[in-house]
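Colleague: Got model-v2.txt for you, compact mmCIF, N, CA and C atoms and all ligand atoms:
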# COMPACT_ATOMS: atom_id res chain seq x y z
N MET A 639 138.71 263.50 -6.57
CA MET A 639 139.78 262.71 -5.95
C MET A 639 140.47 261.82 -6.97
N SER A 640 141.76 261.60 -6.79
CA SER A 640 142.48 260.82 -7.79
C SER A 640 142.13 259.33 -7.65
N PRO A 641 142.21 258.60 -8.75
CA PRO A 641 141.84 257.18 -8.71
C PRO A 641 142.82 256.35 -7.89
N VAL A 642 142.41 255.15 -7.62
CA VAL A 642 143.20 254.23 -6.82
C VAL A 642 143.72 253.14 -7.75
N ILE A 643 144.96 252.74 -7.56
CA ILE A 643 145.49 251.56 -8.26
C ILE A 643 145.04 250.33 -7.49
N PHE A 644 144.40 249.43 -8.19
CA PHE A 644 143.89 248.20 -7.56
C PHE A 644 144.64 247.01 -8.14
N GLU A 645 145.28 246.26 -7.25
CA GLU A 645 146.04 245.08 -7.71
C GLU A 645 145.52 243.84 -7.02
N VAL A 646 145.42 242.77 -7.78
CA VAL A 646 145.06 241.47 -7.21
C VAL A 646 146.13 240.48 -7.62
N VAL A 647 146.73 239.85 -6.65
CA VAL A 647 147.74 238.82 -6.93
C VAL A 647 147.42 237.57 -6.12
N THR A 648 147.82 236.43 -6.65
CA THR A 648 147.72 235.17 -5.91
C THR A 648 149.10 234.54 -5.94
N PRO A 649 149.32 233.48 -5.17
CA PRO A 649 150.63 232.82 -5.23
C PRO A 649 150.94 232.33 -6.65
N GLU A 650 149.90 232.06 -7.44
CA GLU A 650 150.11 231.54 -8.79
C GLU A 650 150.43 232.63 -9.80
N ARG A 651 149.72 233.76 -9.70
CA ARG A 651 149.88 234.76 -10.76
C ARG A 651 149.33 236.11 -10.37
N LYS A 652 149.69 237.09 -11.21
CA LYS A 652 149.14 238.43 -11.07
C LYS A 652 147.80 238.45 -11.80
N ILE A 653 146.74 238.80 -11.11
CA ILE A 653 145.41 238.71 -11.72
C ILE A 653 145.03 240.01 -12.41
N LEU A 654 145.24 241.13 -11.74
CA LEU A 654 144.92 242.40 -12.41
C LEU A 654 145.60 243.59 -11.74
N ARG A 655 145.71 244.64 -12.53
CA ARG A 655 146.20 245.93 -12.06
C ARG A 655 145.44 246.97 -12.85
N GLU A 656 144.59 247.74 -12.16
CA GLU A 656 143.69 248.67 -12.83
C GLU A 656 143.58 249.94 -12.03
N GLU A 657 143.25 251.03 -12.71
CA GLU A 657 142.86 252.24 -12.00
C GLU A 657 141.37 252.15 -11.74
N VAL A 658 140.98 252.29 -10.49
CA VAL A 658 139.57 252.10 -10.14
C VAL A 658 139.05 253.28 -9.32
N GLU A 659 137.73 253.34 -9.26
CA GLU A 659 137.08 254.38 -8.45
C GLU A 659 136.65 253.85 -7.10
N ASN A 660 136.45 252.55 -7.01
CA ASN A 660 136.13 251.94 -5.72
C ASN A 660 136.35 250.43 -5.77
N VAL A 661 136.40 249.84 -4.59
CA VAL A 661 136.54 248.38 -4.48
C VAL A 661 135.62 247.94 -3.35
N ILE A 662 134.87 246.87 -3.58
CA ILE A 662 134.06 246.29 -2.51
C ILE A 662 134.50 244.85 -2.35
N ALA A 663 134.87 244.47 -1.14
CA ALA A 663 135.47 243.15 -0.94
C ALA A 663 134.85 242.45 0.27
N PRO A 664 134.88 241.09 0.24
CA PRO A 664 134.27 240.32 1.33
C PRO A 664 135.22 240.18 2.52
N GLY A 665 135.25 241.20 3.37
CA GLY A 665 136.04 241.11 4.60
C GLY A 665 135.49 240.03 5.51
N THR A 666 136.34 239.51 6.37
CA THR A 666 135.90 238.43 7.27
C THR A 666 134.70 238.88 8.11
N GLU A 667 134.65 240.17 8.42
CA GLU A 667 133.56 240.69 9.25
C GLU A 667 132.39 241.21 8.39
N GLY A 668 132.48 241.05 7.10
CA GLY A 668 131.40 241.53 6.23
C GLY A 668 131.97 242.31 5.06
N TYR A 669 131.13 242.53 4.07
CA TYR A 669 131.59 243.26 2.88
C TYR A 669 131.98 244.68 3.25
N LEU A 670 133.09 245.16 2.67
CA LEU A 670 133.48 246.54 2.93
C LEU A 670 133.94 247.21 1.66
N GLY A 671 133.64 248.51 1.62
CA GLY A 671 133.97 249.29 0.44
C GLY A 671 135.15 250.20 0.71
N VAL A 672 135.99 250.37 -0.30
CA VAL A 672 137.16 251.24 -0.19
C VAL A 672 137.07 252.29 -1.30
N LEU A 673 137.15 253.54 -0.90
CA LEU A 673 137.12 254.66 -1.84
C LEU A 673 138.47 255.37 -1.79
N PRO A 674 138.78 256.19 -2.80
CA PRO A 674 140.04 256.95 -2.74
C PRO A 674 140.10 257.75 -1.44
N GLY A 675 141.26 257.80 -0.85
CA GLY A 675 141.44 258.56 0.38
C GLY A 675 141.01 257.81 1.62
N HIS A 676 140.70 256.54 1.43
CA HIS A 676 140.27 255.71 2.58
C HIS A 676 141.38 255.63 3.63
N THR A 677 140.97 255.53 4.87
CA THR A 677 141.92 255.30 5.97
C THR A 677 142.67 253.99 5.69
N PRO A 678 143.98 253.95 5.94
CA PRO A 678 144.72 252.70 5.74
C PRO A 678 144.05 251.53 6.48
N LEU A 679 144.07 250.39 5.82
CA LEU A 679 143.28 249.26 6.31
C LEU A 679 143.97 247.97 5.93
N LEU A 680 143.96 247.01 6.84
CA LEU A 680 144.43 245.67 6.52
C LEU A 680 143.38 244.70 7.04
N THR A 681 142.86 243.86 6.18
CA THR A 681 141.81 242.93 6.63
C THR A 681 141.99 241.57 5.98
N THR A 682 141.50 240.56 6.66
CA THR A 682 141.44 239.24 6.04
C THR A 682 140.15 239.17 5.23
N LEU A 683 140.16 238.33 4.21
CA LEU A 683 138.99 238.17 3.34
C LEU A 683 138.45 236.76 3.48
N LYS A 684 137.13 236.66 3.30
CA LYS A 684 136.53 235.32 3.24
C LYS A 684 136.13 235.06 1.78
N PRO A 685 135.77 233.83 1.44
CA PRO A 685 135.39 233.57 0.05
C PRO A 685 134.19 234.43 -0.34
N GLY A 686 134.26 235.03 -1.50
CA GLY A 686 133.15 235.88 -1.93
C GLY A 686 133.49 236.60 -3.22
N VAL A 687 132.68 237.61 -3.50
CA VAL A 687 132.80 238.37 -4.74
C VAL A 687 133.45 239.72 -4.46
N VAL A 688 134.48 240.04 -5.22
CA VAL A 688 135.09 241.37 -5.15
C VAL A 688 134.54 242.15 -6.34
N SER A 689 134.00 243.36 -6.09
CA SER A 689 133.60 244.19 -7.23
C SER A 689 134.37 245.49 -7.20
N TYR A 690 134.57 246.03 -8.38
CA TYR A 690 135.31 247.29 -8.47
C TYR A 690 134.85 248.00 -9.72
N ARG A 691 134.91 249.34 -9.68
CA ARG A 691 134.55 250.11 -10.87
C ARG A 691 135.79 250.70 -11.49
N ARG A 692 136.02 250.37 -12.74
CA ARG A 692 137.12 250.96 -13.50
C ARG A 692 136.89 252.44 -13.63
N VAL A 693 137.97 253.22 -13.67
CA VAL A 693 137.84 254.66 -13.86
C VAL A 693 137.06 254.91 -15.16
N GLY A 694 135.96 255.63 -15.02
CA GLY A 694 135.13 255.96 -16.18
C GLY A 694 134.51 254.75 -16.84
N GLY A 695 134.45 253.64 -16.13
CA GLY A 695 133.97 252.42 -16.78
C GLY A 695 132.94 251.65 -15.99
N GLU A 696 132.92 250.38 -16.28
CA GLU A 696 131.90 249.49 -15.73
C GLU A 696 132.33 248.94 -14.38
N THR A 697 131.36 248.39 -13.67
CA THR A 697 131.67 247.63 -12.48
C THR A 697 132.01 246.20 -12.90
N GLU A 698 133.13 245.71 -12.41
CA GLU A 698 133.61 244.37 -12.76
C GLU A 698 133.60 243.51 -11.51
N LYS A 699 133.57 242.20 -11.74
CA LYS A 699 133.54 241.28 -10.59
C LYS A 699 134.62 240.22 -10.71
N LEU A 700 135.10 239.79 -9.56
CA LEU A 700 135.95 238.62 -9.55
C LEU A 700 135.66 237.79 -8.32
N ALA A 701 135.91 236.50 -8.43
CA ALA A 701 135.73 235.61 -7.29
C ALA A 701 137.04 235.52 -6.55
N CYS A 702 136.95 235.52 -5.21
CA CYS A 702 138.17 235.39 -4.40
C CYS A 702 137.87 234.36 -3.32
N SER A 703 138.82 233.47 -3.06
CA SER A 703 138.54 232.40 -2.10
C SER A 703 139.03 232.75 -0.70
N GLY A 704 139.50 233.98 -0.50
CA GLY A 704 140.02 234.37 0.81
C GLY A 704 141.41 234.94 0.65
N GLY A 705 141.94 235.50 1.71
CA GLY A 705 143.27 236.10 1.65
C GLY A 705 143.31 237.37 2.47
N PHE A 706 144.03 238.35 1.95
CA PHE A 706 144.20 239.62 2.65
C PHE A 706 143.93 240.78 1.71
N MET A 707 143.47 241.89 2.27
CA MET A 707 143.38 243.12 1.49
C MET A 707 144.05 244.24 2.28
N GLU A 708 144.91 244.97 1.59
CA GLU A 708 145.55 246.12 2.21
C GLU A 708 145.17 247.35 1.39
N ALA A 709 144.68 248.37 2.09
CA ALA A 709 144.34 249.62 1.41
C ALA A 709 145.19 250.72 2.02
N GLY A 710 145.86 251.48 1.16
CA GLY A 710 146.64 252.62 1.61
C GLY A 710 146.36 253.77 0.69
N PRO A 711 147.05 254.90 0.85
CA PRO A 711 146.79 256.04 0.00
C PRO A 711 147.07 255.69 -1.46
N GLY A 712 146.07 255.76 -2.29
CA GLY A 712 146.27 255.55 -3.72
C GLY A 712 146.41 254.11 -4.16
N ARG A 713 146.30 253.16 -3.24
CA ARG A 713 146.56 251.77 -3.65
C ARG A 713 145.74 250.78 -2.81
N VAL A 714 145.15 249.82 -3.47
CA VAL A 714 144.46 248.73 -2.78
C VAL A 714 145.03 247.42 -3.35
N VAL A 715 145.46 246.55 -2.47
CA VAL A 715 146.06 245.29 -2.92
C VAL A 715 145.34 244.12 -2.27
N ILE A 716 144.93 243.17 -3.08
CA ILE A 716 144.40 241.91 -2.56
C ILE A 716 145.42 240.82 -2.82
N LEU A 717 145.81 240.13 -1.75
CA LEU A 717 146.64 238.93 -1.85
C LEU A 717 145.68 237.77 -1.66
N GLY A 718 145.24 237.20 -2.76
CA GLY A 718 144.20 236.19 -2.68
C GLY A 718 144.78 234.79 -2.63
N ASP A 719 144.07 233.86 -1.99
CA ASP A 719 144.47 232.45 -2.06
C ASP A 719 144.29 231.98 -3.50
N THR A 720 143.11 232.24 -4.04
CA THR A 720 142.86 232.11 -5.48
C THR A 720 141.95 233.26 -5.86
N ALA A 721 141.97 233.67 -7.11
CA ALA A 721 141.08 234.73 -7.58
C ALA A 721 140.90 234.56 -9.08
N GLU A 722 139.67 234.74 -9.54
CA GLU A 722 139.38 234.63 -10.97
C GLU A 722 138.45 235.76 -11.39
N PRO A 723 138.85 236.57 -12.39
CA PRO A 723 137.92 237.54 -12.96
C PRO A 723 136.70 236.80 -13.52
N ALA A 724 135.53 237.44 -13.41
CA ALA A 724 134.29 236.76 -13.81
C ALA A 724 134.37 236.10 -15.19
N PRO A 725 134.93 236.79 -16.22
CA PRO A 725 134.93 236.16 -17.55
C PRO A 725 135.79 234.90 -17.63
N GLU A 726 136.68 234.71 -16.66
CA GLU A 726 137.56 233.53 -16.70
C GLU A 726 137.01 232.34 -15.93
N ILE A 727 135.85 232.55 -15.31
CA ILE A 727 135.30 231.47 -14.47
C ILE A 727 134.63 230.41 -15.33
N ASP A 728 135.03 229.17 -15.07
CA ASP A 728 134.43 228.02 -15.74
C ASP A 728 133.21 227.64 -14.91
N ILE A 729 132.04 228.01 -15.42
CA ILE A 729 130.81 227.86 -14.63
C ILE A 729 130.49 226.38 -14.38
N GLU A 730 130.69 225.56 -15.41
CA GLU A 730 130.38 224.13 -15.23
C GLU A 730 131.30 223.50 -14.19
N ARG A 731 132.55 223.91 -14.20
CA ARG A 731 133.50 223.39 -13.20
C ARG A 731 133.06 223.80 -11.80
N ALA A 732 132.65 225.06 -11.65
CA ALA A 732 132.20 225.53 -10.34
C ALA A 732 130.93 224.80 -9.91
N ARG A 733 130.04 224.51 -10.87
CA ARG A 733 128.81 223.77 -10.53
C ARG A 733 129.15 222.36 -10.05
N ARG A 734 130.12 221.74 -10.76
CA ARG A 734 130.52 220.39 -10.33
C ARG A 734 131.13 220.43 -8.94
N ALA A 735 131.97 221.44 -8.68
CA ALA A 735 132.59 221.56 -7.35
C ALA A 735 131.52 221.76 -6.28
N ARG A 736 130.51 222.57 -6.61
CA ARG A 736 129.43 222.78 -5.63
C ARG A 736 128.69 221.47 -5.36
N GLN A 737 128.38 220.75 -6.43
CA GLN A 737 127.63 219.49 -6.25
C GLN A 737 128.43 218.49 -5.42
N ARG A 738 129.74 218.40 -5.72
CA ARG A 738 130.59 217.47 -4.96
C ARG A 738 130.58 217.83 -3.48
N ALA A 739 130.77 219.11 -3.20
CA ALA A 739 130.84 219.55 -1.81
C ALA A 739 129.50 219.35 -1.11
N GLU A 740 128.40 219.68 -1.81
CA GLU A 740 127.08 219.52 -1.19
C GLU A 740 126.80 218.05 -0.90
N GLN A 741 127.20 217.20 -1.85
CA GLN A 741 126.96 215.76 -1.65
C GLN A 741 127.76 215.24 -0.45
N ARG A 742 129.00 215.64 -0.36
CA ARG A 742 129.83 215.20 0.77
C ARG A 742 129.23 215.65 2.09
N LEU A 743 128.77 216.90 2.12
CA LEU A 743 128.24 217.44 3.37
C LEU A 743 126.90 216.79 3.72
N ARG A 744 126.17 216.35 2.70
CA ARG A 744 124.89 215.67 2.93
C ARG A 744 125.14 214.25 3.43
N GLU A 745 126.06 213.55 2.78
CA GLU A 745 126.25 212.12 3.07
C GLU A 745 127.20 211.90 4.25
N ARG A 746 128.03 212.85 4.54
CA ARG A 746 128.98 212.75 5.66
C ARG A 746 129.67 211.39 5.73
N PRO A 747 130.40 210.97 4.69
CA PRO A 747 131.09 209.68 4.78
C PRO A 747 132.12 209.70 5.91
N PRO A 748 132.42 208.50 6.47
CA PRO A 748 133.39 208.45 7.57
C PRO A 748 134.71 209.08 7.15
N GLY A 749 135.28 209.87 8.05
CA GLY A 749 136.58 210.49 7.75
C GLY A 749 136.47 211.77 6.93
N LEU A 750 135.22 212.20 6.67
CA LEU A 750 135.08 213.43 5.87
C LEU A 750 135.72 214.61 6.60
N ASP A 751 136.50 215.37 5.87
CA ASP A 751 137.05 216.62 6.41
C ASP A 751 135.99 217.70 6.15
N VAL A 752 135.17 217.92 7.18
CA VAL A 752 134.00 218.79 7.01
C VAL A 752 134.43 220.22 6.68
N ALA A 753 135.44 220.71 7.36
CA ALA A 753 135.90 222.10 7.12
C ALA A 753 136.37 222.25 5.67
N ARG A 754 137.04 221.21 5.17
CA ARG A 754 137.53 221.28 3.80
C ARG A 754 136.37 221.28 2.80
N ALA A 755 135.37 220.44 3.07
CA ALA A 755 134.20 220.39 2.18
C ALA A 755 133.45 221.72 2.23
N GLU A 756 133.33 222.28 3.43
CA GLU A 756 132.64 223.57 3.55
C GLU A 756 133.39 224.67 2.81
N ALA A 757 134.71 224.65 2.93
CA ALA A 757 135.52 225.67 2.24
C ALA A 757 135.37 225.52 0.72
N ALA A 758 135.35 224.26 0.24
CA ALA A 758 135.19 224.03 -1.20
C ALA A 758 133.82 224.53 -1.66
N LEU A 759 132.80 224.30 -0.80
CA LEU A 759 131.46 224.78 -1.15
C LEU A 759 131.46 226.31 -1.26
N LEU A 760 132.07 226.98 -0.29
CA LEU A 760 132.09 228.45 -0.32
C LEU A 760 132.86 228.98 -1.52
N ARG A 761 133.95 228.32 -1.90
CA ARG A 761 134.69 228.75 -3.11
C ARG A 761 133.81 228.62 -4.34
N SER A 762 133.11 227.49 -4.43
CA SER A 762 132.28 227.29 -5.64
C SER A 762 131.14 228.30 -5.67
N LEU A 763 130.55 228.59 -4.51
CA LEU A 763 129.44 229.56 -4.48
C LEU A 763 129.94 230.95 -4.86
N ALA A 764 131.13 231.31 -4.40
CA ALA A 764 131.69 232.63 -4.75
C ALA A 764 131.91 232.71 -6.26
N ARG A 765 132.41 231.62 -6.87
CA ARG A 765 132.65 231.63 -8.32
C ARG A 765 131.34 231.74 -9.09
N LEU A 766 130.34 231.01 -8.64
CA LEU A 766 129.05 231.07 -9.35
C LEU A 766 128.43 232.45 -9.21
N LYS A 767 128.57 233.04 -8.03
CA LYS A 767 128.00 234.38 -7.82
C LYS A 767 128.73 235.41 -8.68
N ALA A 768 130.05 235.35 -8.68
CA ALA A 768 130.82 236.32 -9.48
C ALA A 768 130.49 236.19 -10.96
N ALA A 769 130.24 234.95 -11.40
CA ALA A 769 129.93 234.72 -12.81
C ALA A 769 128.47 234.98 -13.13
N GLY A 770 127.68 235.32 -12.10
CA GLY A 770 126.25 235.58 -12.32
C GLY A 770 125.48 234.31 -12.61
N ALA A 771 125.97 233.18 -12.08
CA ALA A 771 125.35 231.88 -12.39
C ALA A 771 124.81 231.20 -11.14
N ASP A 772 124.58 231.96 -10.11
CA ASP A 772 124.08 231.33 -8.87
C ASP A 772 122.55 231.29 -8.84
P1 LIG B 1 138.00 222.30 -8.27
O1 LIG B 1 137.51 221.21 -7.36
O2 LIG B 1 137.10 222.52 -9.44
O3 LIG B 1 139.46 222.18 -8.65
P2 LIG B 1 138.72 224.10 -6.17
O4 LIG B 1 137.86 225.06 -5.40
O5 LIG B 1 139.25 222.94 -5.41
O6 LIG B 1 137.87 223.66 -7.45
P3 LIG B 1 141.04 225.73 -6.09
O7 LIG B 1 141.97 224.79 -5.39
O8 LIG B 1 140.40 226.82 -5.29
O9 LIG B 1 139.91 224.88 -6.85
O10 LIG B 1 141.77 226.42 -7.33
C1 LIG B 1 142.76 225.75 -8.10
C2 LIG B 1 143.03 226.60 -9.34
O11 LIG B 1 141.94 226.50 -10.25
C3 LIG B 1 143.18 228.10 -9.07
O12 LIG B 1 144.10 228.63 -10.00
C4 LIG B 1 141.80 228.67 -9.35
O13 LIG B 1 141.87 230.03 -9.75
C5 LIG B 1 141.35 227.77 -10.49
N1 LIG B 1 139.89 227.53 -10.51
C6 LIG B 1 139.17 226.80 -9.64
N2 LIG B 1 137.88 226.71 -10.00
C7 LIG B 1 137.77 227.45 -11.13
C8 LIG B 1 136.67 227.76 -12.00
N3 LIG B 1 135.43 227.31 -11.78
N4 LIG B 1 136.93 228.56 -13.08
C9 LIG B 1 138.18 229.00 -13.33
N5 LIG B 1 139.25 228.74 -12.56
C10 LIG B 1 139.05 227.97 -11.47
Represent the structure of the file as structure tokens.
Ligand code: ATP
Modeller:
Amino acid sequence: MSPVIFEVVTPERKILREEVENVIAPGTEGYLGVLPGHTPLLTTLKPGVVSYRRVGGETEKLACSGGFMEAGPGRVVILGDTAEPAPEIDIERARRARQRAEQRLRERPPGLDVARAEAALLRSLARLKAAGAD
């Protein structure tokens, strides 16, 4: 089967465009894999790790904080809120973000936006996991 073009874009920038053999992404209902010839699909994504295998190459990882994924014949596109390829992830920054979020959720100061702190925690955990530092 012919390879699939995999594109990841965010409002800030184009993250990648590669020929791949598969993509596994964190759909809102759970991780899902897309292979060439997959039935057309549109899904929302939750924060997590996207993995994909380059044609004839290695499996690569990137962190994604949520967004949408559209899969059609020959093409898979992720429109991410944010996305970082594993080698670009600043692990110390993600650790600090995790600590901040965990502390806020533990201490629950008055006026804490719990959903925002939880979302920040999930973003940091996705980055640490994609970077292999969890
Ligand atoms: P922080 O509190 O460290 O800023 P955040 O989760 O609030 O983390 P976002 O608002 O999701 O950050 O992202 C802002 C920008 O910074 C995006 O371009 C995102 O790709 C980038 N970014 C966030 N955290 C990291 C990281 N640990 N390594 C590399 N880029 C990051």
Colleague: Could you tell me, as an NGL selection string, which residues of chain A DSSP assigns to helix (DSSP H, G or I) when given the backbone?
Modeller: :A and (724-726 or 729-745 or 752-768)
Colleague: Using only C-alpha atoms and all ligand atoms, determine which residues fall within 12 Å of ligand LIG 1 (chain B), then list them as number ranges by chain.
Modeller: A: 647-653, 685, 700-705, 718-739, 754-769, 771
Colleague: Quick one: of A:Ser689, A:Gly712, A:Gly695, A:Thr677, who's nearest to A:Ser640, counting all atoms listed in the file?
Modeller: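 Nearest to A:Ser640: A:Gly712.
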Colleague: In Å, with one decimal, what is the gap from atom C of A:Pro711 to atom CA of A:Val661?
Modeller: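 Spanning atom C of A:Pro711 to atom CA of A:Val661 is a straight-line distance of 13.2 Å.
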Colleague: Would you work out the distance separating atom N of A:Tyr690 from atom C of A:His676, expressed in Å to one decimal?
Modeller: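 Separation of atom N of A:Tyr690 and atom C of A:His676: 16.8 Å.
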Colleague: Find the smallest box with edges along x, y and z containing every listed atom of stretch 713-718 of chain A, then add 5 Å on each side and report centre and edge lengths in Å to one decimal, as lines of an AutoDock Vina configuration file.
Modeller:
center_x = 145.4
center_y = 244.0
center_z = -2.7
size_x = 12.4
size_y = 28.4
size_z = 12.0
Colleague: To one decimal place in Å, what is the distance between atom CA of A:Arg655 and atom CA of A:Arg692?
Modeller: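 Straight-line distance from atom CA of A:Arg655 to atom CA of A:Arg692 works out to 10.5 Å.
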Colleague: Nearest to A:Glu667 among A:Lys684, A:Leu654, A:Val693, A:Arg742, with distances taken over only N, CA and C atoms: which residue is it?
Modeller: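 For A:Glu667, the nearest of the candidates is A:Lys684.
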Colleague: Determine which residues of chain A DSSP labels as strand (DSSP E or B) from the backbone of this structure, then write them out as a ChimeraX atom specification.
Modeller: /A:642-647,652-665,668-672,679-683,686-692,697-702,705-710,713-718,721-723
Colleague: Pick from A:Lys699, A:Met707, A:Gln741, A:Val642: nearest to A:Thr681, with all atoms listed in the file counted?
Modeller: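 Answer, going by the shortest atom-to-atom distance: A:Met707.
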Colleague: Out of A:Leu743, A:Val646, A:Ala709, A:Val687, which residue has the shortest atom-to-atom distance to A:Pro674 when counting only C-alpha atoms?
Modeller: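 Looking only at the distances to A:Pro674, the closest residue turns out to be A:Ala709.
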Colleague: Measuring between only N, CA and C atoms, which one of A:Val715, A:Gly710, A:Pro748, A:Ala753 shows the shortest distance to A:Gly675?
Modeller: A:Gly710
Colleague: I'd like to know which of A:Glu656, A:Asp772, A:Val672, A:Asp751 is closest to A:Phe644, using only N, CA and C atoms.
Modeller: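 Among A:Glu656, A:Asp772, A:Val672, A:Asp751, it is A:Glu656 that comes nearest to A:Phe644.
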